[in-house]
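Listing of data09.tsv; format and content: TSV, C-alpha atoms.
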```tsv
chain	number	residue	atom	x	y	z
A	1	MET	CA	103.56	75.95	122.66
A	2	LYS	CA	106.45	78.19	123.67
A	3	GLN	CA	109.38	78.36	121.25
A	4	TYR	CA	112.66	80.12	122.01
A	5	GLY	CA	114.04	82.22	119.19
A	6	TRP	CA	116.52	84.95	118.33
A	7	PHE	CA	117.80	87.70	120.62
A	8	GLY	CA	116.75	85.98	123.84
A	9	GLY	CA	113.11	85.92	122.81
A	10	TYR	CA	110.44	83.26	122.75
A	11	GLY	CA	107.44	82.59	120.57
A	12	TYR	CA	103.87	81.43	120.82
A	13	GLY	CA	101.25	80.47	118.28
A	14	LYS	CA	101.15	78.75	114.94
A	15	PHE	CA	100.73	79.64	111.30
A	16	LEU	CA	97.28	80.60	110.13
A	17	THR	CA	97.14	77.82	107.61
A	18	GLY	CA	97.98	74.15	107.80
A	19	SER	CA	99.24	74.14	104.22
A	20	ASN	CA	102.96	73.92	103.44
A	21	PHE	CA	102.42	76.57	100.77
A	22	LEU	CA	102.16	80.14	101.93
A	23	LYS	CA	101.62	83.04	99.59
A	24	ILE	CA	101.92	85.94	102.03
A	25	SER	CA	103.68	86.56	105.35
A	26	ILE	CA	102.57	89.59	107.36
A	27	CYS	CA	105.49	90.74	109.55
A	28	ILE	CA	104.84	93.21	112.38
A	29	VAL	CA	107.06	94.68	115.08
A	30	ASN	CA	105.19	95.83	118.17
A	31	LEU	CA	106.20	98.03	121.09
A	32	ASN	CA	103.39	99.12	123.41
A	33	ALA	CA	100.85	99.42	120.58
A	34	LYS	CA	98.11	97.21	122.04
A	35	LYS	CA	95.60	100.03	121.55
A	36	TYR	CA	96.01	99.72	117.77
A	37	LEU	CA	96.83	96.05	117.28
A	38	GLY	CA	93.27	94.73	117.19
A	39	THR	CA	92.18	97.11	114.45
A	40	CYS	CA	95.32	96.35	112.47
A	41	LEU	CA	95.02	92.58	112.73
A	42	ASN	CA	91.29	92.61	111.99
A	43	SER	CA	91.92	94.46	108.73
A	44	ILE	CA	94.33	91.86	107.33
A	45	SER	CA	91.98	89.11	106.14
A	46	LYS	CA	90.02	91.37	103.78
A	47	SER	CA	93.21	92.95	102.47
A	48	VAL	CA	94.98	89.79	101.30
A	49	GLY	CA	92.14	88.16	99.33
A	50	ILE	CA	93.43	84.62	100.00
A	51	ASP	CA	93.52	82.05	102.80
A	52	THR	CA	97.17	81.04	102.53
A	53	TYR	CA	98.88	83.65	104.66
A	54	GLU	CA	100.53	83.92	108.05
A	55	ILE	CA	100.90	86.67	110.61
A	56	ILE	CA	104.14	87.02	112.59
A	57	ILE	CA	104.45	89.58	115.37
A	58	VAL	CA	107.70	90.34	117.17
A	59	ASP	CA	107.08	92.11	120.46
A	60	ASN	CA	109.94	94.26	121.77
A	61	ASN	CA	109.25	93.78	125.49
A	62	SER	CA	106.02	95.81	125.59
A	63	LYS	CA	104.76	96.94	128.99
A	64	ASP	CA	101.13	97.50	127.97
A	65	GLY	CA	100.04	93.87	127.93
A	66	SER	CA	100.43	93.41	124.19
A	67	PRO	CA	101.75	89.79	124.32
A	68	HIS	CA	98.86	88.64	126.52
A	69	PHE	CA	96.40	90.48	124.30
A	70	ILE	CA	97.76	88.74	121.19
A	71	LYS	CA	97.87	85.26	122.74
A	72	THR	CA	94.35	85.62	124.13
A	73	ASN	CA	92.60	87.17	121.14
A	74	TYR	CA	94.71	85.98	118.20
A	75	PRO	CA	96.05	82.53	119.15
A	76	LYS	CA	96.88	81.64	115.54
A	77	VAL	CA	99.30	84.53	115.21
A	78	LYS	CA	102.94	83.50	115.54
A	79	LEU	CA	104.28	85.65	118.37
A	80	LEU	CA	107.97	86.14	119.12
A	81	SER	CA	108.62	88.01	122.36
A	82	ASN	CA	111.94	89.69	123.13
A	83	PHE	CA	113.18	90.19	126.69
A	84	ARG	CA	114.22	93.74	125.84
A	85	ASN	CA	113.68	96.34	123.14
A	86	GLU	CA	115.98	95.05	120.40
A	87	GLY	CA	115.11	97.88	118.04
A	88	TYR	CA	112.93	97.75	114.98
A	89	THR	CA	115.41	96.36	112.48
A	90	ARG	CA	116.58	93.35	114.49
A	91	ALA	CA	112.99	92.54	115.35
A	92	ILE	CA	111.70	92.70	111.78
A	93	ASN	CA	114.62	90.53	110.64
A	94	SER	CA	113.68	87.88	113.19
A	95	ALA	CA	110.16	87.85	111.74
A	96	ILE	CA	111.51	87.55	108.20
A	97	ARG	CA	113.77	84.64	109.19
A	98	VAL	CA	110.85	82.51	110.36
A	99	SER	CA	108.48	83.60	107.57
A	100	LYS	CA	107.55	81.22	104.75
A	101	GLY	CA	105.54	83.34	102.33
A	102	ASP	CA	106.45	84.15	98.74
A	103	PHE	CA	105.72	87.79	99.54
A	104	LEU	CA	106.51	89.54	102.81
A	105	VAL	CA	104.36	92.40	104.03
A	106	ILE	CA	106.28	94.70	106.38
A	107	LEU	CA	103.55	96.39	108.41
A	108	ASN	CA	103.38	98.78	111.36
A	109	PRO	CA	100.92	97.89	114.14
A	110	ASP	CA	99.24	101.30	113.96
A	111	SER	CA	98.27	100.72	110.33
A	112	VAL	CA	94.88	99.67	108.95
A	113	LEU	CA	94.72	97.88	105.60
A	114	GLU	CA	91.89	98.71	103.23
A	115	LYS	CA	90.05	95.95	101.40
A	116	LYS	CA	92.22	94.19	98.76
A	117	SER	CA	95.15	96.54	99.51
A	118	ILE	CA	97.72	93.76	99.90
A	119	ASP	CA	96.16	91.66	97.15
A	120	THR	CA	96.55	94.63	94.79
A	121	LEU	CA	100.23	95.02	95.60
A	122	VAL	CA	101.01	91.30	95.32
A	123	LYS	CA	99.30	91.04	91.93
A	124	PHE	CA	101.29	94.05	90.67
A	125	PHE	CA	104.51	92.02	90.93
A	126	SER	CA	103.37	89.98	87.92
A	127	PHE	CA	103.65	93.00	85.60
A	128	ASP	CA	107.45	93.00	85.74
A	129	HIS	CA	109.69	90.23	87.05
A	130	ASN	CA	112.26	92.87	88.05
A	131	ILE	CA	109.94	94.42	90.65
A	132	GLY	CA	111.33	93.72	94.10
A	133	ILE	CA	109.43	96.07	96.41
A	134	ILE	CA	106.06	97.82	96.25
A	135	GLY	CA	104.51	100.34	98.62
A	136	PRO	CA	100.90	101.54	98.83
A	137	LYS	CA	99.44	104.99	99.18
A	138	VAL	CA	99.56	105.75	102.89
A	139	VAL	CA	97.12	108.20	104.46
A	140	SER	CA	96.66	109.58	107.97
A	141	ASP	CA	93.58	109.09	110.10
A	142	ASP	CA	92.06	112.23	108.58
A	143	GLY	CA	92.67	110.94	105.05
A	144	SER	CA	95.57	113.27	104.27
A	145	PHE	CA	98.42	111.90	102.17
A	146	GLN	CA	101.61	110.85	104.00
A	147	GLN	CA	104.33	112.01	101.62
A	148	SER	CA	106.96	109.75	103.17
A	149	CYS	CA	105.31	106.67	101.63
A	150	ARG	CA	107.23	107.33	98.38
A	151	ARG	CA	110.75	108.65	98.27
A	152	GLY	CA	113.60	109.74	96.12
A	153	LEU	CA	117.23	109.48	97.18
A	154	ALA	CA	117.99	111.23	100.47
A	155	ARG	CA	121.00	113.11	99.16
A	156	PRO	CA	121.98	116.29	101.03
A	157	GLY	CA	120.26	118.67	98.62
A	158	ALA	CA	116.99	116.80	98.87
A	159	VAL	CA	117.22	116.39	102.64
A	160	PHE	CA	118.09	120.06	103.28
A	161	SER	CA	115.26	121.18	100.99
A	162	TYR	CA	112.90	119.03	103.02
A	163	PHE	CA	114.19	120.20	106.42
A	164	LEU	CA	114.15	123.87	105.36
A	165	GLY	CA	110.59	123.67	104.05
A	166	LEU	CA	111.52	124.43	100.44
A	167	ALA	CA	109.84	121.26	99.17
A	168	LYS	CA	106.58	122.30	100.82
A	169	ARG	CA	106.84	125.86	99.54
A	170	TYR	CA	107.72	124.82	95.98
A	171	PRO	CA	105.97	121.42	95.56
A	172	LYS	CA	106.23	121.41	91.77
A	173	ASN	CA	109.91	122.30	91.55
A	174	LYS	CA	112.00	119.15	91.13
A	175	LYS	CA	115.05	120.98	92.48
A	176	PHE	CA	113.49	120.94	95.93
A	177	THR	CA	111.24	117.85	95.91
A	178	GLY	CA	113.80	115.10	95.48
A	179	TYR	CA	113.14	113.50	98.85
A	180	HIS	CA	109.36	113.07	99.03
A	181	LEU	CA	108.79	113.53	95.30
A	182	ASN	CA	106.09	116.14	95.89
A	183	HIS	CA	106.00	116.96	92.17
A	184	LEU	CA	104.55	113.53	91.33
A	185	ASP	CA	100.80	112.91	91.29
A	186	GLU	CA	99.98	110.93	94.43
A	187	ASN	CA	97.23	109.07	92.57
A	188	HIS	CA	99.45	107.68	89.81
A	189	ILE	CA	101.69	104.62	89.86
A	190	HIS	CA	105.38	105.55	89.80
A	191	GLU	CA	108.73	103.82	89.95
A	192	VAL	CA	110.54	105.42	92.89
A	193	ASP	CA	113.73	105.09	94.92
A	194	GLY	CA	112.05	104.09	98.15
A	195	VAL	CA	108.80	103.41	99.97
A	196	SER	CA	107.81	103.50	103.64
A	197	GLY	CA	108.26	100.64	106.07
A	198	SER	CA	104.85	101.48	107.55
A	199	CYS	CA	103.64	99.15	104.81
A	200	MET	CA	105.74	97.64	102.05
A	201	VAL	CA	105.69	94.32	100.22
A	202	ILE	CA	108.94	92.54	99.37
A	203	SER	CA	109.22	89.46	97.18
A	204	ARG	CA	110.96	86.39	98.55
A	205	LYS	CA	113.32	86.55	95.57
A	206	THR	CA	114.43	90.01	96.70
A	207	ILE	CA	115.07	88.82	100.25
A	208	LYS	CA	117.18	85.94	98.94
A	209	GLU	CA	119.32	88.18	96.74
A	210	VAL	CA	119.53	91.39	98.80
A	211	GLY	CA	119.46	89.87	102.27
A	212	TYR	CA	117.93	91.22	105.45
A	213	PHE	CA	117.54	94.77	106.73
A	214	ASP	CA	120.77	96.38	107.96
A	215	GLU	CA	120.74	95.97	111.75
A	216	ARG	CA	123.13	98.87	112.22
A	217	TYR	CA	119.96	100.97	111.95
A	218	PHE	CA	118.23	100.62	115.32
A	219	ALA	CA	115.16	102.16	113.69
A	220	TYR	CA	114.34	104.62	110.88
A	221	GLN	CA	115.83	104.78	107.38
A	222	GLU	CA	116.21	101.00	107.32
A	223	ASP	CA	113.44	101.01	104.72
A	224	SER	CA	115.15	103.59	102.49
A	225	ASP	CA	118.44	101.74	102.90
A	226	TYR	CA	116.88	98.44	101.89
A	227	CYS	CA	115.16	99.93	98.85
A	228	LEU	CA	118.43	101.48	97.68
A	229	ARG	CA	120.27	98.19	98.16
A	230	ALA	CA	117.57	96.41	96.17
A	231	LYS	CA	117.85	98.91	93.33
A	232	LYS	CA	121.62	98.46	93.26
A	233	GLN	CA	120.94	94.73	92.80
A	234	GLY	CA	118.76	95.46	89.75
A	235	PHE	CA	115.33	95.34	91.40
A	236	LYS	CA	112.66	97.99	90.82
A	237	VAL	CA	110.77	99.78	93.56
A	238	PHE	CA	107.21	100.96	92.88
A	239	TYR	CA	104.62	103.16	94.53
A	240	ASN	CA	101.08	101.95	93.78
A	241	PRO	CA	98.23	104.21	95.01
A	242	ASN	CA	95.59	101.69	93.91
A	243	SER	CA	96.35	100.14	97.28
A	244	VAL	CA	95.57	102.35	100.29
A	245	VAL	CA	96.66	101.93	103.90
A	246	LYS	CA	95.76	104.14	106.84
A	247	HIS	CA	98.65	104.83	109.21
A	248	THR	CA	98.30	106.67	112.51
A	249	GLY	CA	102.05	107.19	112.81
A	250	GLY	CA	104.29	107.21	115.85
A	251	GLU	CA	102.22	104.63	117.73
A	252	GLY	CA	104.22	101.58	116.72
A	253	GLY	CA	106.82	102.21	119.38
A	254	SER	CA	108.44	105.64	118.96
A	255	ASN	CA	106.01	107.39	121.30
A	256	SER	CA	106.97	104.92	124.02
A	257	VAL	CA	110.58	106.12	124.04
A	258	PRO	CA	110.47	109.65	122.55
A	259	MET	CA	113.98	110.80	123.44
A	260	LYS	CA	115.55	107.65	122.05
A	261	ALA	CA	113.30	107.87	118.98
A	262	ILE	CA	114.54	111.40	118.26
A	263	PHE	CA	118.14	110.30	118.68
A	264	GLU	CA	117.75	107.22	116.47
A	265	TRP	CA	115.89	109.20	113.80
A	266	HIS	CA	118.80	111.58	113.41
A	267	ARG	CA	121.45	108.87	113.71
A	268	SER	CA	119.73	106.90	110.95
A	269	TYR	CA	120.01	109.83	108.52
A	270	TYR	CA	123.65	110.23	109.44
A	271	ARG	CA	124.36	106.53	108.96
A	272	TYR	CA	122.43	106.39	105.68
A	273	TYR	CA	124.36	109.33	104.26
A	274	PHE	CA	127.81	108.02	105.19
A	275	LYS	CA	126.97	104.53	104.00
A	276	HIS	CA	125.73	105.49	100.55
A	277	PHE	CA	126.70	109.07	99.60
A	278	SER	CA	129.64	110.46	101.57
A	279	ASP	CA	132.22	109.23	99.04
A	280	ASP	CA	130.61	111.53	96.46
A	281	TYR	CA	131.39	114.63	98.52
A	282	SER	CA	134.48	116.32	99.91
A	283	LEU	CA	135.82	115.87	103.42
A	284	ILE	CA	134.87	119.45	104.24
A	285	PHE	CA	131.27	118.89	103.17
A	286	ASN	CA	131.07	115.65	105.15
A	287	ILE	CA	132.24	117.51	108.25
A	288	PHE	CA	129.67	120.22	107.54
A	289	TYR	CA	126.93	117.61	107.13
A	290	SER	CA	127.88	116.00	110.44
A	291	ILE	CA	127.76	119.35	112.25
A	292	VAL	CA	124.36	120.17	110.75
A	293	MET	CA	122.87	116.82	111.76
A	294	MET	CA	124.34	117.11	115.27
A	295	GLY	CA	122.93	120.60	115.60
A	296	LYS	CA	119.53	119.47	114.44
A	297	LEU	CA	119.58	116.58	116.90
A	298	ILE	CA	120.41	118.89	119.83
A	299	PHE	CA	117.67	121.30	118.75
A	300	ALA	CA	115.09	118.51	118.41
A	301	GLU	CA	115.91	116.97	121.79
A	302	GLY	CA	115.85	120.40	123.43
A	303	LYS	CA	112.55	121.26	121.80
A	304	TYR	CA	111.02	118.05	123.11
A	305	LEU	CA	112.25	118.69	126.66
A	306	VAL	CA	110.87	122.23	126.63
A	307	ARG	CA	107.47	121.07	125.42
A	308	LYS	CA	107.47	118.26	127.95
```
With the file now loaded, output its structure as structure tokens.
Amino acid sequence: MKQYGWFGGYGYGKFLTGSNFLKISICIVNLNAKKYLGTCLNSISKSVGIDTYEIIIVDNNSKDGSPHFIKTNYPKVKLLSNFRNEGYTRAINSAIRVSKGDFLVILNPDSVLEKKSIDTLVKFFSFDHNIGIIGPKVVSDDGSFQQSCRRGLARPGAVFSYFLGLAKRYPKNKKFTGYHLNHLDENHIHEVDGVSGSCMVISRKTIKEVGYFDERYFAYQEDSDYCLRAKKQGFKVFYNPNSVVKHTGGEGGSNSVPMKAIFEWHRSYYRYYFKHFSDDYSLIFNIFYSIVMMGKLIFAEGKYLVRK
């Protein structure tokens, strides 16, 4: 059955279970990632450890046949299709709005969940009722650790240290590792300031109190923004490496529109800074920060065009 939804989109499918009680909602935003969707979706059942879950996919007007692929091969998935690319944040919010689970798994379509990975994260919520968000250990296809899966606050010092390579050069020095927390053991559980939207679990209680993702972010940094908002509301954010997720990276939509992705990546950092931190710094520094980010954007776009 076709159902019309938010942002001029429409939906197909039904929930995976006939029960009115749902423990987990898997929420995915897709843009031209059909190549990875099957592997991602096939990994979910063994990761959750229960039968009472649903899968919701919001497709941002893919041109690679993703909607047909989902409807044909995964008819029980709830599919919402947009008539245009609404951006990641609007799309994930539309999935959250129709979700019914006690815990929401925000997942990228180019991710593969290891056995019991989501079950491990959901069970960890029971250790502290103040936990609002948990992220797993995220690794690349070659098994290398993706440092962005756990984060500190993206204040200017931390961001500049990251951009300038100081964090990589001095991984044990906390003065330079404030963004990706390189000084922390990747195999230990830690309370952190943020986790990656490639895979994160949010409790329904957190959604009710904090609200939805900020749609002023077209894409990028919406995850860091949400984690910071949750912490300001008294919730804790944890990184739990006992759960492992493989993430290819860049295949969930950004590679489809590279120039726009570069622009939105830089704009998200700019927006995040002025939303949360600019009041702590002088007008002169804020102007300097703006110039630096603009310069970096121009350099990144130019670099891409040259390589292209």
Find the nearest atom pair between each residue of segment 219-301 of chain A and segment 172-193 of chain A for residues within 9 Å, count all atoms listed in the file, give distances in Å to one decimal, sort rows by chain and ascending number, and present the table as a tab-separated table.
```
residue	atom	partner	partner_atom	distance
A:Ser224	CA	A:Asp193	CA	7.8
A:Cys227	CA	A:Asp193	CA	6.6
A:Leu228	CA	A:Asp193	CA	6.5
A:Lys231	CA	A:Asp193	CA	7.6
A:Lys236	CA	A:Glu191	CA	7.1
A:Val237	CA	A:Val192	CA	5.7
A:Phe238	CA	A:Glu191	CA	4.4
A:Tyr239	CA	A:His190	CA	5.4
A:Asn240	CA	A:Ile189	CA	4.8
A:Pro241	CA	A:Asn187	CA	5.5
A:Asn242	CA	A:Asn187	CA	7.7
```
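Going from atom CA of Lys296 of chain A to atom CA of Tyr273 of chain A covers 15.2 Å.
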Exercise: Gly135 of chain A partners within 10 Å, all atoms listed in the file, chain neighbours under 4 positions left out, as a ChimeraX atom specification: /A:105-106,118,121,149-150,192,194-202,237-241,243-245
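Closest approach to Leu297 of chain A from the set A:Lys123, A:Lys46, A:Lys260, A:Lys232 is made by A:Lys260, with distances taken over all atoms listed in the file.
The environment of Pro109 of chain A within 10 Å, counting only C-alpha atoms and disregarding residues fewer than 4 places along the same chain, consists of Cys27, Ile28, Val29, Asn30, Leu31, Asn32, Ala33, Lys34, Lys35, Tyr36, Leu37, Gly38, Thr39, Cys40, Leu41, Ile57, Ser198, Cys199, His247, Thr248, Gly249, Glu251, Gly252 and Gly253 of chain A.
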Distance query Val48 of chain A at most 12 Å, all atoms listed in the file, self and fewer than 4 positions along chain excluded, as a PyMOL selection string: chain A and resi 23-26+41-44+52-55+103-105+113-123+201+243
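Computed from the coordinates, the atom CA of Lys205 of chain A to atom CA of Gly132 of chain A distance equals 7.6 Å.
Using all atoms listed in the file for every distance, the candidate list A:Val77, A:Val139, A:Ile207, A:Leu153 yields A:Ile207 as the residue closest to Ile96 of chain A.
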Distance in Å - atom CA of Asp142 of chain A versus atom CA of Ala91 of chain A: 29.5 Å
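Shortest separation to Phe235 of chain A among A:Phe125, A:Phe288, A:Tyr304, A:Phe163 occurs at residue A:Phe125, atoms counted being all atoms listed in the file.
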Might you pull out every residue within 10 Å of Phe160 of chain A, with all atoms listed in the file counted and same-chain residues fewer than 5 positions away left off, and present them as a compact mmCIF listing (two decimals) with C-alpha atoms, keeping the file's coordinate frame?
```txt
# COMPACT_ATOMS: atom_id res chain seq x y z
CA ALA A 154 117.99 111.23 100.47
CA ARG A 155 121.00 113.11 99.16
CA GLY A 165 110.59 123.67 104.05
CA LEU A 166 111.52 124.43 100.44
CA ALA A 167 109.84 121.26 99.17
CA PHE A 176 113.49 120.94 95.93
CA TYR A 179 113.14 113.50 98.85
CA TYR A 289 126.93 117.61 107.13
CA VAL A 292 124.36 120.17 110.75
```
Distance criterion (all atoms listed in the file): nearest to Lys308 of chain A out of A:Leu79, A:Met293, A:Met259, A:Val138: A:Met259
At a cut-off of 12 Å from (102.7, 89.7, 127.3) in the coordinates of the file, what residues are picked up using all atoms listed in the file, written as a PDB file with C-alpha atoms, keeping the file's coordinate frame?
```pdb
ATOM      1  CA  GLY A   9     113.110  85.920 122.810  1.00  0.00           C
ATOM      2  CA  TYR A  10     110.440  83.260 122.750  1.00  0.00           C
ATOM      3  CA  GLY A  11     107.440  82.590 120.570  1.00  0.00           C
ATOM      4  CA  TYR A  12     103.870  81.430 120.820  1.00  0.00           C
ATOM      5  CA  ASN A  30     105.190  95.830 118.170  1.00  0.00           C
ATOM      6  CA  LEU A  31     106.200  98.030 121.090  1.00  0.00           C
ATOM      7  CA  ASN A  32     103.390  99.120 123.410  1.00  0.00           C
ATOM      8  CA  ALA A  33     100.850  99.420 120.580  1.00  0.00           C
ATOM      9  CA  LYS A  34      98.110  97.210 122.040  1.00  0.00           C
ATOM     10  CA  VAL A  58     107.700  90.340 117.170  1.00  0.00           C
ATOM     11  CA  ASP A  59     107.080  92.110 120.460  1.00  0.00           C
ATOM     12  CA  ASN A  60     109.940  94.260 121.770  1.00  0.00           C
ATOM     13  CA  ASN A  61     109.250  93.780 125.490  1.00  0.00           C
ATOM     14  CA  SER A  62     106.020  95.810 125.590  1.00  0.00           C
ATOM     15  CA  LYS A  63     104.760  96.940 128.990  1.00  0.00           C
ATOM     16  CA  ASP A  64     101.130  97.500 127.970  1.00  0.00           C
ATOM     17  CA  GLY A  65     100.040  93.870 127.930  1.00  0.00           C
ATOM     18  CA  SER A  66     100.430  93.410 124.190  1.00  0.00           C
ATOM     19  CA  PRO A  67     101.750  89.790 124.320  1.00  0.00           C
ATOM     20  CA  HIS A  68      98.860  88.640 126.520  1.00  0.00           C
ATOM     21  CA  PHE A  69      96.400  90.480 124.300  1.00  0.00           C
ATOM     22  CA  ILE A  70      97.760  88.740 121.190  1.00  0.00           C
ATOM     23  CA  LYS A  71      97.870  85.260 122.740  1.00  0.00           C
ATOM     24  CA  THR A  72      94.350  85.620 124.130  1.00  0.00           C
ATOM     25  CA  LEU A  79     104.280  85.650 118.370  1.00  0.00           C
ATOM     26  CA  LEU A  80     107.970  86.140 119.120  1.00  0.00           C
ATOM     27  CA  SER A  81     108.620  88.010 122.360  1.00  0.00           C
ATOM     28  CA  ASN A  82     111.940  89.690 123.130  1.00  0.00           C
ATOM     29  CA  PHE A  83     113.180  90.190 126.690  1.00  0.00           C
TER      30      PHE A  83
END
```
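Minimum atom-to-atom distances from A:Gly101, A:Gly234, A:Pro75, A:Gly295 to Arg204 of chain A were compared using only C-alpha atoms, and the lowest value belongs to A:Gly101.
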Closest of A:Lys246, A:Tyr226, A:Phe124, A:Arg97 to Ser140 of chain A - atom-to-atom distances counting all atoms listed in the file: A:Lys246
